[in-house]
Structure formats: structure tokens, C-alpha cells
file final-v7.csv (CSV, C-alpha atoms (C1' of nucleotides))
chain,number,residue,atom,x,y,z
C,1,MET,CA,78.6,160.4,87.1
C,2,ALA,CA,74.9,159.9,87.0
C,3,GLU,CA,73.2,160.3,83.7
C,4,ALA,CA,71.3,163.5,83.8
C,5,VAL,CA,73.3,165.0,86.6
C,6,LYS,CA,76.1,167.1,85.3
C,7,ARG,CA,78.7,166.7,87.9
C,8,ARG,CA,81.0,169.6,88.4
C,9,ALA,CA,84.3,169.1,90.0
C,10,PRO,CA,84.6,170.9,93.3
C,11,ALA,CA,87.5,173.0,92.0
C,12,GLN,CA,85.4,174.1,89.1
C,13,GLU,CA,82.5,175.3,91.3
C,14,ALA,CA,85.0,177.1,93.5
C,15,TRP,CA,86.4,178.8,90.5
C,16,GLU,CA,83.0,180.0,89.4
C,17,LEU,CA,82.3,181.3,92.8
C,18,LEU,CA,85.6,183.2,92.7
C,19,GLY,CA,84.5,184.6,89.4
C,20,LYS,CA,81.6,186.3,91.2
C,21,LEU,CA,84.0,187.7,93.8
C,22,PHE,CA,86.2,189.0,91.0
C,23,GLY,CA,83.3,190.8,89.3
C,24,GLU,CA,82.4,192.6,92.5
C,25,THR,CA,86.0,193.5,93.2
C,26,ARG,CA,86.4,195.2,89.8
C,27,HIS,CA,83.7,197.7,90.7
C,28,ARG,CA,85.3,198.1,94.1
C,29,ILE,CA,88.6,199.1,92.5
C,30,VAL,CA,86.9,201.7,90.3
C,31,ARG,CA,85.1,203.1,93.3
C,32,VAL,CA,88.2,203.3,95.5
C,33,SER,CA,90.3,204.8,92.7
C,34,ALA,CA,87.7,207.5,92.3
C,35,GLU,CA,87.7,208.2,96.1
C,36,PHE,CA,91.4,209.0,95.8
C,37,GLY,CA,91.0,211.1,92.7
C,38,LEU,CA,92.8,208.5,90.6
C,39,THR,CA,92.0,206.2,87.8
C,40,PRO,CA,92.5,202.5,88.3
C,41,PRO,CA,95.7,202.3,86.3
C,42,GLN,CA,97.1,205.3,88.2
C,43,LEU,CA,96.2,203.5,91.5
C,44,PHE,CA,98.0,200.4,90.5
C,45,ALA,CA,101.0,202.4,89.4
C,46,LEU,CA,101.2,204.3,92.7
C,47,ARG,CA,100.7,201.1,94.7
C,48,THR,CA,103.6,199.5,92.8
C,49,LEU,CA,106.0,202.3,93.6
C,50,GLU,CA,107.9,201.9,96.9
C,51,PRO,CA,108.3,205.3,98.5
C,52,ASP,CA,111.9,204.5,99.6
C,53,GLU,CA,113.0,202.9,96.4
C,54,PRO,CA,113.1,205.2,93.3
C,55,VAL,CA,113.0,203.1,90.2
C,56,PRO,CA,113.3,204.1,86.5
C,57,MET,CA,110.2,204.3,84.5
C,58,ARG,CA,111.1,201.2,82.6
C,59,ALA,CA,110.9,199.2,85.8
C,60,LEU,CA,107.4,200.4,86.4
C,61,ALA,CA,106.4,199.5,82.8
C,62,THR,CA,107.6,195.9,83.3
C,63,ALA,CA,105.9,195.7,86.7
C,64,LEU,CA,102.6,196.8,85.2
C,65,HIS,CA,103.1,194.6,82.1
C,66,CYS,CA,102.6,197.4,79.7
C,67,ASP,CA,104.4,199.5,77.2
C,68,SER,CA,106.8,202.3,78.3
C,69,SER,CA,104.8,204.9,76.4
C,70,ASN,CA,101.8,204.0,78.5
C,71,VAL,CA,103.7,204.7,81.7
C,72,THR,CA,104.6,208.1,80.4
C,73,GLY,CA,100.9,209.1,80.5
C,74,LEU,CA,100.3,207.4,83.8
C,75,VAL,CA,103.2,209.2,85.5
C,76,ASP,CA,102.1,212.5,83.9
C,77,GLY,CA,98.9,212.1,85.8
C,78,LEU,CA,100.5,211.2,89.1
C,79,GLU,CA,103.0,214.0,88.8
C,80,ALA,CA,100.3,216.5,88.0
C,81,GLN,CA,98.8,215.7,91.4
C,82,GLY,CA,102.1,216.0,93.2
C,83,LEU,CA,102.2,212.3,94.1
C,84,VAL,CA,105.5,211.4,92.3
C,85,GLU,CA,108.4,213.2,90.7
C,86,ARG,CA,110.7,212.5,87.9
C,87,HIS,CA,114.3,212.9,88.9
C,88,GLY,CA,117.3,212.5,86.6
C,89,ALA,CA,119.6,209.6,87.4
C,90,GLU,CA,123.3,210.5,88.0
C,91,HIS,CA,124.9,207.5,86.2
C,92,ASP,CA,122.7,207.6,83.2
C,93,ARG,CA,121.2,210.8,81.9
C,94,ARG,CA,118.6,208.9,79.8
C,95,VAL,CA,116.7,207.4,82.7
C,96,ARG,CA,114.3,209.2,84.9
C,97,MET,CA,113.9,207.9,88.4
C,98,LEU,CA,110.4,207.9,89.9
C,99,VAL,CA,110.3,209.3,93.4
C,100,VAL,CA,107.2,209.1,95.5
C,101,THR,CA,106.6,212.5,97.2
C,102,GLU,CA,105.7,212.9,100.8
C,103,HIS,CA,102.1,213.5,99.8
C,104,GLY,CA,102.3,210.5,97.5
C,105,ALA,CA,103.5,208.3,100.2
C,106,GLN,CA,100.6,209.3,102.4
C,107,VAL,CA,98.0,208.7,99.7
C,108,ARG,CA,99.6,205.4,98.9
C,109,SER,CA,99.5,204.1,102.4
C,110,ARG,CA,95.9,205.1,102.9
C,111,LEU,CA,95.1,203.5,99.5
C,112,ILE,CA,96.8,200.3,100.4
C,113,GLU,CA,94.9,200.3,103.7
C,114,VAL,CA,91.6,200.5,101.9
C,115,MET,CA,92.5,197.9,99.3
C,116,ARG,CA,93.4,195.5,102.0
C,117,GLU,CA,90.0,195.7,103.6
C,118,VAL,CA,88.5,192.2,103.5
C,119,PRO,CA,85.2,192.2,101.5
C,120,PRO,CA,82.2,191.5,103.7
C,121,GLN,CA,81.6,188.1,102.2
C,122,LEU,CA,84.9,186.8,103.5
C,123,ALA,CA,84.8,188.8,106.7
C,124,SER,CA,81.5,187.1,107.6
C,125,LEU,CA,83.1,183.7,107.5
C,126,SER,CA,83.7,181.9,110.8
C,127,ALA,CA,87.2,182.1,112.2
C,128,GLU,CA,87.8,178.5,111.3
C,129,ASP,CA,86.7,179.0,107.7
C,130,GLN,CA,88.9,182.1,107.5
C,131,ARG,CA,91.9,180.1,108.7
C,132,ALA,CA,91.1,177.2,106.5
C,133,LEU,CA,90.7,179.5,103.5
C,134,ARG,CA,94.0,181.1,104.2
C,135,ASP,CA,95.8,177.8,104.5
C,136,ILE,CA,94.4,176.4,101.3
C,137,LEU,CA,95.3,179.6,99.4
C,138,ARG,CA,98.8,179.4,100.8
C,139,ARG,CA,99.1,176.0,99.5
C,140,ALA,CA,97.8,177.0,96.1
C,141,LEU,CA,99.6,180.3,95.7
C,142,GLY,CA,102.3,180.4,98.2
A,143,MET,CA,99.2,191.1,119.5
A,144,ALA,CA,102.9,191.0,120.1
A,145,GLU,CA,104.7,194.4,119.9
A,146,ALA,CA,106.8,194.3,116.8
A,147,VAL,CA,104.8,191.5,115.1
A,148,LYS,CA,102.1,192.9,113.0
A,149,ARG,CA,99.5,190.2,113.2
A,150,ARG,CA,97.4,189.8,110.1
A,151,ALA,CA,94.0,188.3,110.4
A,152,PRO,CA,93.7,185.1,108.5
A,153,ALA,CA,91.0,186.6,106.3
A,154,GLN,CA,93.3,189.4,105.4
A,155,GLU,CA,96.1,187.2,104.3
A,156,ALA,CA,93.6,185.2,102.3
A,157,TRP,CA,92.3,188.3,100.7
A,158,GLU,CA,95.8,189.3,99.7
A,159,LEU,CA,96.5,185.9,98.2
A,160,LEU,CA,93.3,186.3,96.2
A,161,GLY,CA,94.6,189.6,95.0
A,162,LYS,CA,97.5,187.8,93.4
A,163,LEU,CA,95.1,185.4,91.7
A,164,PHE,CA,93.0,188.3,90.5
A,165,GLY,CA,96.0,189.9,88.8
A,166,GLU,CA,96.8,186.8,86.9
A,167,THR,CA,93.2,186.3,85.9
A,168,ARG,CA,93.1,189.7,84.3
A,169,HIS,CA,95.7,188.8,81.8
A,170,ARG,CA,94.1,185.6,81.2
A,171,ILE,CA,90.8,187.3,80.2
A,172,VAL,CA,92.7,189.5,77.8
A,173,ARG,CA,94.3,186.5,76.2
A,174,VAL,CA,91.2,184.5,75.9
A,175,SER,CA,89.3,187.4,74.5
A,176,ALA,CA,92.0,187.8,71.8
A,177,GLU,CA,91.8,184.1,71.0
A,178,PHE,CA,88.1,184.6,70.1
A,179,GLY,CA,88.7,187.8,68.2
A,180,LEU,CA,86.9,189.7,70.9
A,181,THR,CA,87.8,192.5,73.3
A,182,PRO,CA,87.2,191.8,77.0
A,183,PRO,CA,84.1,193.9,77.2
A,184,GLN,CA,82.7,192.2,74.2
A,185,LEU,CA,83.5,188.8,75.7
A,186,PHE,CA,81.6,189.7,78.9
A,187,ALA,CA,78.7,191.0,76.8
A,188,LEU,CA,78.4,187.8,74.8
A,189,ARG,CA,78.8,185.7,77.9
A,190,THR,CA,75.9,187.6,79.5
A,191,LEU,CA,73.5,187.0,76.7
A,192,GLU,CA,71.5,183.8,76.9
A,193,PRO,CA,71.0,182.3,73.5
A,194,ASP,CA,67.4,181.3,74.2
A,195,GLU,CA,66.4,184.5,75.9
A,196,PRO,CA,66.5,187.6,73.8
A,197,VAL,CA,66.7,190.7,76.0
A,198,PRO,CA,66.5,194.4,75.3
A,199,MET,CA,69.7,196.3,75.1
A,200,ARG,CA,68.8,198.1,78.3
A,201,ALA,CA,68.9,194.8,80.2
A,202,LEU,CA,72.4,194.1,79.0
A,203,ALA,CA,73.5,197.6,80.1
A,204,THR,CA,72.3,197.1,83.6
A,205,ALA,CA,73.8,193.6,83.7
A,206,LEU,CA,77.1,195.0,82.7
A,207,HIS,CA,76.8,198.0,85.0
A,208,CYS,CA,77.4,200.5,82.3
A,209,ASP,CA,75.7,203.1,80.3
A,210,SER,CA,73.3,202.2,77.4
A,211,SER,CA,75.4,204.2,75.0
A,212,ASN,CA,78.3,202.0,75.8
A,213,VAL,CA,76.3,198.9,74.9
A,214,THR,CA,75.5,200.3,71.5
A,215,GLY,CA,79.2,200.1,70.6
A,216,LEU,CA,79.7,196.7,72.1
A,217,VAL,CA,76.7,195.2,70.3
A,218,ASP,CA,77.9,196.9,67.1
A,219,GLY,CA,81.1,194.9,67.3
A,220,LEU,CA,79.3,191.6,68.1
A,221,GLU,CA,76.8,192.2,65.3
A,222,ALA,CA,79.6,193.0,62.8
A,223,GLN,CA,81.0,189.5,63.5
A,224,GLY,CA,77.6,187.9,63.2
A,225,LEU,CA,77.4,186.8,66.8
A,226,VAL,CA,74.2,188.7,67.7
A,227,GLU,CA,71.4,190.4,65.9
A,228,ARG,CA,69.1,193.3,66.8
A,229,HIS,CA,65.5,192.4,66.3
A,230,GLY,CA,62.6,194.8,66.8
A,231,ALA,CA,60.2,194.0,69.6
A,232,GLU,CA,56.6,193.7,68.7
A,233,HIS,CA,55.0,195.3,71.7
A,234,ASP,CA,57.3,198.3,71.8
A,235,ARG,CA,59.0,199.6,68.7
A,236,ARG,CA,61.6,201.5,70.7
A,237,VAL,CA,63.3,198.5,72.1
A,238,ARG,CA,65.7,196.3,70.2
A,239,MET,CA,65.9,192.7,71.3
A,240,LEU,CA,69.3,191.1,71.3
A,241,VAL,CA,69.3,187.7,69.7
A,242,VAL,CA,72.3,185.4,69.8
A,243,THR,CA,72.9,183.8,66.4
A,244,GLU,CA,73.7,180.2,65.8
A,245,HIS,CA,77.3,181.1,65.3
A,246,GLY,CA,77.2,183.3,68.4
A,247,ALA,CA,75.8,180.5,70.5
A,248,GLN,CA,78.7,178.3,69.4
A,249,VAL,CA,81.3,180.8,70.1
A,250,ARG,CA,79.7,181.6,73.4
A,251,SER,CA,79.7,178.1,74.6
A,252,ARG,CA,83.3,177.5,73.6
A,253,LEU,CA,84.2,180.7,75.3
A,254,ILE,CA,82.4,179.8,78.5
A,255,GLU,CA,84.1,176.4,78.4
A,256,VAL,CA,87.6,178.1,78.3
A,257,MET,CA,86.7,180.6,81.0
A,258,ARG,CA,85.6,177.8,83.2
A,259,GLU,CA,88.9,176.1,83.1
A,260,VAL,CA,90.3,176.0,86.6
A,261,PRO,CA,93.6,177.8,86.8
A,262,PRO,CA,96.6,175.5,87.6
A,263,GLN,CA,97.1,176.9,91.0
A,264,LEU,CA,93.7,175.7,92.1
A,265,ALA,CA,93.8,172.5,90.0
A,266,SER,CA,96.9,171.4,91.8
A,267,LEU,CA,95.2,171.4,95.1
A,268,SER,CA,94.4,168.1,96.7
A,269,ALA,CA,90.9,166.8,96.3
A,270,GLU,CA,90.2,167.6,100.0
A,271,ASP,CA,91.4,171.1,99.6
A,272,GLN,CA,89.3,171.6,96.5
A,273,ARG,CA,86.2,170.4,98.3
A,274,ALA,CA,87.0,172.5,101.4
A,275,LEU,CA,87.6,175.5,99.3
A,276,ARG,CA,84.3,175.0,97.4
A,277,ASP,CA,82.4,174.6,100.7
A,278,ILE,CA,83.9,177.7,102.2
A,279,LEU,CA,83.2,179.8,99.2
A,280,ARG,CA,79.7,178.5,99.1
A,281,ARG,CA,79.2,179.7,102.6
A,282,ALA,CA,80.7,183.1,101.8
A,283,LEU,CA,79.1,183.7,98.4
A,284,GLY,CA,76.2,181.3,98.2
D,285,DG,C1',42.0,212.5,70.6
D,286,DA,C1',45.8,215.4,71.5
D,287,DC,C1',49.4,216.8,74.8
D,288,DG,C1',53.3,216.0,77.6
D,289,DG,C1',56.4,213.4,80.5
D,290,DG,C1',59.0,209.3,80.7
D,291,DT,C1',61.7,205.6,78.2
D,292,DG,C1',64.9,203.0,74.8
D,293,DC,C1',68.4,203.6,71.8
D,294,DT,C1',71.8,206.2,69.0
D,295,DT,C1',75.0,209.8,68.2
D,296,DG,C1',78.8,212.9,69.2
D,297,DA,C1',82.1,215.1,72.3
D,298,DG,C1',85.6,214.3,75.5
D,299,DC,C1',88.7,211.7,78.5
D,300,DT,C1',91.6,207.6,79.6
D,301,DT,C1',94.0,203.3,78.7
D,302,DG,C1',96.7,200.8,75.6
D,303,DT,C1',99.7,199.5,71.5
D,304,DC,C1',102.9,200.5,67.8
D,305,DA,C1',106.2,203.1,65.1
D,306,DA,C1',109.2,206.9,64.9
D,307,DC,C1',112.2,209.9,67.2
D,308,DC,C1',115.9,211.9,70.3
D,309,DA,C1',119.5,211.8,73.7
D,310,DT,C1',122.6,209.1,75.7
D,311,DT,C1',125.4,205.1,76.7
D,312,DG,C1',128.8,201.6,76.0
D,313,DC,C1',131.2,198.5,73.1
D,314,DC,C1',134.5,197.8,69.2
F,315,DG,C1',135.4,208.0,66.8
F,316,DG,C1',131.7,205.2,65.1
F,317,DC,C1',127.5,202.7,65.9
F,318,DA,C1',124.2,199.5,67.7
F,319,DA,C1',121.3,199.3,71.8
F,320,DT,C1',118.6,201.6,75.4
F,321,DG,C1',115.3,204.9,78.1
F,322,DG,C1',111.9,207.9,77.4
F,323,DT,C1',108.7,210.9,74.8
F,324,DT,C1',105.6,211.8,71.1
F,325,DG,C1',102.0,211.0,67.7
F,326,DA,C1',98.6,208.1,65.4
F,327,DC,C1',95.2,205.0,66.1
F,328,DA,C1',91.6,201.7,68.3
F,329,DA,C1',88.7,200.9,72.1
F,330,DG,C1',85.9,201.6,76.6
F,331,DC,C1',83.4,204.6,79.1
F,332,DT,C1',80.5,208.6,80.5
F,333,DC,C1',77.6,212.5,79.8
F,334,DA,C1',74.5,215.4,77.2
F,335,DA,C1',71.5,215.8,73.3
F,336,DG,C1',68.4,214.0,70.2
F,337,DC,C1',64.9,211.0,68.1
F,338,DA,C1',61.2,207.8,68.1
F,339,DC,C1',58.0,205.9,70.7
F,340,DC,C1',54.9,204.6,74.8
F,341,DC,C1',51.3,205.9,77.9
F,342,DG,C1',48.9,208.6,81.3
F,343,DT,C1',45.9,212.5,81.7
F,344,DC,C1',42.9,216.1,80.4

call {"tool": "encode", "arguments": {"input": "final-v7.csv", "output": "C-alpha cells"}}
result
Amino acid sequence: MAEAVKRRAPAQEAWELLGKLFGETRHRIVRVSAEFGLTPPQLFALRTLEPDEPVPMRALATALHCDSSNVTGLVDGLEAQGLVERHGAEHDRRVRMLVVTEHGAQVRSRLIEVMREVPPQLASLSAEDQRALRDILRRALG
Amino acid sequence: MAEAVKRRAPAQEAWELLGKLFGETRHRIVRVSAEFGLTPPQLFALRTLEPDEPVPMRALATALHCDSSNVTGLVDGLEAQGLVERHGAEHDRRVRMLVVTEHGAQVRSRLIEVMREVPPQLASLSAEDQRALRDILRRALG
DNA sequence: GACGGGTGCTTGAGCTTGTCAACCATTGCC
DNA sequence: GGCAATGGTTGACAAGCTCAAGCACCCGTC
């Protein structure tokens, strides 16, 4: 640690660089949502719902880390666009199962497709760097 | 490309892993903001302002990629807490220069400190991985 | 020097997210 | 049957965000 030189740990610099990527990604999410006529929270909600696995609203709320009352509004929006439907559950008449419609499933898969697109900064990396990055992230997050 | 095996490019898998990290970071930002008595947008605003470099509100708006009218509210909040002040500019009486107060500068630096903390997933990487990650990100985003 | 377009900021309307508290219907246990 | 707990909705409220309108001011031109 030289006197005037403020040494930053490599991980810290990496973290700051990721911060930049985060910022740009936020705007991307807003843009993509708008393309699909959704708001970002609606997009996350639809992405969370598996077309073949109806879940009660409560489950969506916990998955999104938010209040149930919030989900009511989100689902209202999705339902208004015919992307999901509320079906009554047989065994418990209190719960409403969320079912992704045919249309909703199509939108959802296109949406996931777009979200998966690797941002240009990463795509421009060499094949070796891409593999190394994947391996490191696997070790960190896997 | 084997038949049934859907091969994912390494960069794509890396991107998905980063998505996970993003999600966790979002909650972290909310938590940190609350700790400082700020809302997330207020936090970003304060972080953007350099204590030694007063800037017109317009500049903050473009830096935050939002409308000027939005900044008015954000700055109202920061000013109410004594973190920034609006000063008239000499050469142009329309513009209001944003000046970070002494207190604001302190809060800001503590805040940046906390935001810089490397999340545990990255911190737990080996020193080599950390360096490799930094180098790759430098190439991607530098 | 006065006019007029462009600019910086604020205000207000309107929408969405998000939380909390209150409420209703229903369930399941005692 | 009674009663606490649960799933979902509603309403009140705070905040972010955008747009349109307005105000004060700058600056070019005639």
C-alpha cells in the first residue's frame, strides 16, 4: 500500500464496474417493458408465472417480495390485457389461481427471449473471456 | 449443437447469473437507502452530486436520465434534510445551483462507502478469480 | 431598445408502484 | 358450533415519474 496511491481491491473495482452495468440494465428493463406494453413490475410478474403451473396470488407475492395487495393491482393490469386469468381453486374457495393464457404465454416467451439477450459489452468479449466470466460467476453464485 | 441439448453460449449463462446478482442488489439498495433515511432515487441523486462542484438542477436531471420536474421533488427532499442547498447562480438568475452541505457531504461519503462494499458472493471468490473478474470487466466496460 | 424564441425551474394533473390497516369470505381446528 | 388464521380485495397514503403549462429570465435580431 503505497502512500498516496489508494489501492482498491480487485473485487471492489469489479463491483464498481458491475454497478455501471446495472445502471444501464435498469434503463433497458424500462425500455423492454414498454415495448411489450407492460410496466417493469408487470413484466417481472409475468416472467415469474410459469404457464403450465397455476399458482395462488399469495405465491406470486412472496416470489416478488411484496405485499399481496400490491399483486392485486399488478394482476389487474395483466388480466386487463388478457395475459393471465384468475381461476377459483377447487379445494379452497378463498384462493384464486393465476393462469397464464395462451396469449400470455406467447408474450412471456418473447419477453424472456429479449431479456436474455446478452448486452453488447459482454457480447464483445473474446470467447475465452466469456467462458472465464461464466466460470467465475458460477463459482460465485452457483 | 446436439439435438435435444440446448446449448447456451457462455456469455448468456454469465448474463443470467448476473441477473440473479442484480435482483439481490435491488433489495440492498432499498435497505441502504432506508438506513440513511433516504429513498432510493434520493440516494442516487445525492451520490451523483459532487460536494465540491455545484451544478444546475438541469445537469442532475440529465445525469439521472429523468425529467427536470422530477428533480425538483428529489431535491426538495434532500434540502428538507439539510443535505443540499439551492443557490442562485450569478451569471444566470434562472438556474439554481445545487450545493452539497457539510452534513450532506458526510452522509454522501458514508453512503458511498456502504454502496462500495463488495457483496459476499464476490468477496468469497479466490484472489485469482477476483483479479480475473476485474480484468474481464475492465475489458468489457472500461 | 424592444420584441420574440429558447431555456431553467416549478407547479399541477395523472398514472403506477408500494405499504399498511381494515374488511370479507372461507377454512380448519378445538 | 365457535373461532382464530388465512387469501384476497379495498382504501388511504407516500413517493416516483411524465407531461403540459406557466413564470422568470437570457439572448439574438430588427

call {"tool": "residues_around", "arguments": {"input": "final-v7.csv", "residues": "DG288 in chain D", "least_positions_apart": "3", "cutoff": "12 Å", "atoms": "only C-alpha atoms (C1' of nucleotides)", "output": "CSV table (one decimal) with C-alpha atoms (C1' of nucleotides), keeping the file's coordinate frame"}}
result
chain,number,residue,atom,x,y,z
F,340,DC,C1',54.9,204.6,74.8
F,341,DC,C1',51.3,205.9,77.9
F,342,DG,C1',48.9,208.6,81.3
F,343,DT,C1',45.9,212.5,81.7
F,344,DC,C1',42.9,216.1,80.4

call {"tool": "axis_aligned_box", "arguments": {"input": "final-v7.csv", "around": "range 32-50 of chain C", "padding_each_side": "8 Å", "output": "lines of an AutoDock Vina configuration file"}}
result
center_x = 97.8
center_y = 205.3
center_z = 91.6
size_x = 36.2
size_y = 27.6
size_z = 26.6

call {"tool": "atom_distance", "arguments": {"input": "final-v7.csv", "atom1": "CA of Leu137 in chain C", "atom2": "CA of Leu159 in chain A"}}
result
6.5 Å

call {"tool": "atom_distance", "arguments": {"input": "final-v7.csv", "atom1": "CA of Arg189 in chain A", "atom2": "CA of Arg250 in chain A"}}
result
6.2 Å

call {"tool": "interface_residues", "arguments": {"input": "final-v7.csv", "of": "chain A", "to": "chain C", "cutoff": "7 Å", "atoms": "all atoms listed in the file", "output": "list in words"}}
result
Pro152, Ala153, Gln154, Glu155, Ala156, Trp157, Leu159, Phe164, Arg258, Val260, Gln263, Leu264, Ala265, Leu267, Asp271, Gln272, Arg273, Leu275, Arg276, Ile278, Leu279, Ala282 and Leu283 of chain A

call {"tool": "write_last_selection", "arguments": {"input": "final-v7.csv", "atoms": "C-alpha atoms", "output": "PDB file, in the frame of the given file"}}
result
ATOM      1  CA  PRO A 152      93.700 185.100 108.500  1.00  0.00           C
ATOM      2  CA  ALA A 153      91.000 186.600 106.300  1.00  0.00           C
ATOM      3  CA  GLN A 154      93.300 189.400 105.400  1.00  0.00           C
ATOM      4  CA  GLU A 155      96.100 187.200 104.300  1.00  0.00           C
ATOM      5  CA  ALA A 156      93.600 185.200 102.300  1.00  0.00           C
ATOM      6  CA  TRP A 157      92.300 188.300 100.700  1.00  0.00           C
ATOM      7  CA  LEU A 159      96.500 185.900  98.200  1.00  0.00           C
ATOM      8  CA  PHE A 164      93.000 188.300  90.500  1.00  0.00           C
ATOM      9  CA  ARG A 258      85.600 177.800  83.200  1.00  0.00           C
ATOM     10  CA  VAL A 260      90.300 176.000  86.600  1.00  0.00           C
ATOM     11  CA  GLN A 263      97.100 176.900  91.000  1.00  0.00           C
ATOM     12  CA  LEU A 264      93.700 175.700  92.100  1.00  0.00           C
ATOM     13  CA  ALA A 265      93.800 172.500  90.000  1.00  0.00           C
ATOM     14  CA  LEU A 267      95.200 171.400  95.100  1.00  0.00           C
ATOM     15  CA  ASP A 271      91.400 171.100  99.600  1.00  0.00           C
ATOM     16  CA  GLN A 272      89.300 171.600  96.500  1.00  0.00           C
ATOM     17  CA  ARG A 273      86.200 170.400  98.300  1.00  0.00           C
ATOM     18  CA  LEU A 275      87.600 175.500  99.300  1.00  0.00           C
ATOM     19  CA  ARG A 276      84.300 175.000  97.400  1.00  0.00           C
ATOM     20  CA  ILE A 278      83.900 177.700 102.200  1.00  0.00           C
ATOM     21  CA  LEU A 279      83.200 179.800  99.200  1.00  0.00           C
ATOM     22  CA  ALA A 282      80.700 183.100 101.800  1.00  0.00           C
ATOM     23  CA  LEU A 283      79.100 183.700  98.400  1.00  0.00           C
TER      24      LEU A 283
END

call {"tool": "residues_around", "arguments": {"input": "final-v7.csv", "residues": "DG336 in chain F", "least_positions_apart": "2", "cutoff": "12 Å", "atoms": "only C-alpha atoms (C1' of nucleotides)", "output": "list of chain:residue names"}}
result
D:DC293, D:DT294, D:DT295, D:DG296, F:DA334, F:DA338

call {"tool": "write_last_selection", "arguments": {"input": "final-v7.csv", "atoms": "C-alpha atoms (C1' of nucleotides)", "output": "compact mmCIF listing (two decimals), keeping the file's coordinate frame"}}
result
# COMPACT_ATOMS: atom_id res chain seq x y z
C1' DC D 293 68.40 203.60 71.80
C1' DT D 294 71.80 206.20 69.00
C1' DT D 295 75.00 209.80 68.20
C1' DG D 296 78.80 212.90 69.20
C1' DA F 334 74.50 215.40 77.20
C1' DA F 338 61.20 207.80 68.10

call {"tool": "closest_atom_pairs", "arguments": {"input": "final-v7.csv", "of": "chain A", "to": "chain D", "cutoff": "8 Å", "atoms": "only C-alpha atoms (C1' of nucleotides)", "output": "JSON lines"}}
result
{"residue": "A:Arg200", "atom": "CA", "partner": "D:DG292", "partner_atom": "C1'", "distance": 7.2}
{"residue": "A:Ser210", "atom": "CA", "partner": "D:DC293", "partner_atom": "C1'", "distance": 7.6}
{"residue": "A:Ser211", "atom": "CA", "partner": "D:DT294", "partner_atom": "C1'", "distance": 7.3}
{"residue": "A:Thr214", "atom": "CA", "partner": "D:DT294", "partner_atom": "C1'", "distance": 7.4}
{"residue": "A:Arg236", "atom": "CA", "partner": "D:DG292", "partner_atom": "C1'", "distance": 5.5}
{"residue": "A:Val237", "atom": "CA", "partner": "D:DG292", "partner_atom": "C1'", "distance": 5.5}
{"residue": "A:Arg238", "atom": "CA", "partner": "D:DC293", "partner_atom": "C1'", "distance": 7.9}

call {"tool": "closest_residue", "arguments": {"input": "final-v7.csv", "among": "C:Leu83, C:Ile29, C:Leu46, C:Ala89", "to": "Val71 in chain C", "atoms": "all atoms listed in the file"}}
result
C:Leu46

call {"tool": "interface_residues", "arguments": {"input": "final-v7.csv", "of": "chain A", "to": "chain F", "cutoff": "10 Å", "atoms": "only C-alpha atoms (C1' of nucleotides)", "output": "ChimeraX atom specification"}}
result
/A:181-183,208-209,211-212,215-216,233-237

call {"tool": "closest_residue", "arguments": {"input": "final-v7.csv", "among": "A:Leu206, A:Asp194, A:Val172, A:Glu255", "to": "Val226 in chain A", "atoms": "all atoms listed in the file"}}
result
A:Asp194

call {"tool": "atom_distance", "arguments": {"input": "final-v7.csv", "atom1": "CA of Gly77 in chain C", "atom2": "CA of Met57 in chain C"}}
result
13.8 Å

call {"tool": "closest_residue", "arguments": {"input": "final-v7.csv", "among": "C:Gln81, C:Leu60, C:Leu38, C:Asp76", "to": "Glu102 in chain C", "atoms": "all atoms listed in the file"}}
result
C:Gln81

call {"tool": "closest_residue", "arguments": {"input": "final-v7.csv", "among": "C:Val75, C:Ala80, C:Ala61, C:Thr101", "to": "Leu43 in chain C", "atoms": "only C-alpha atoms"}}
result
C:Val75
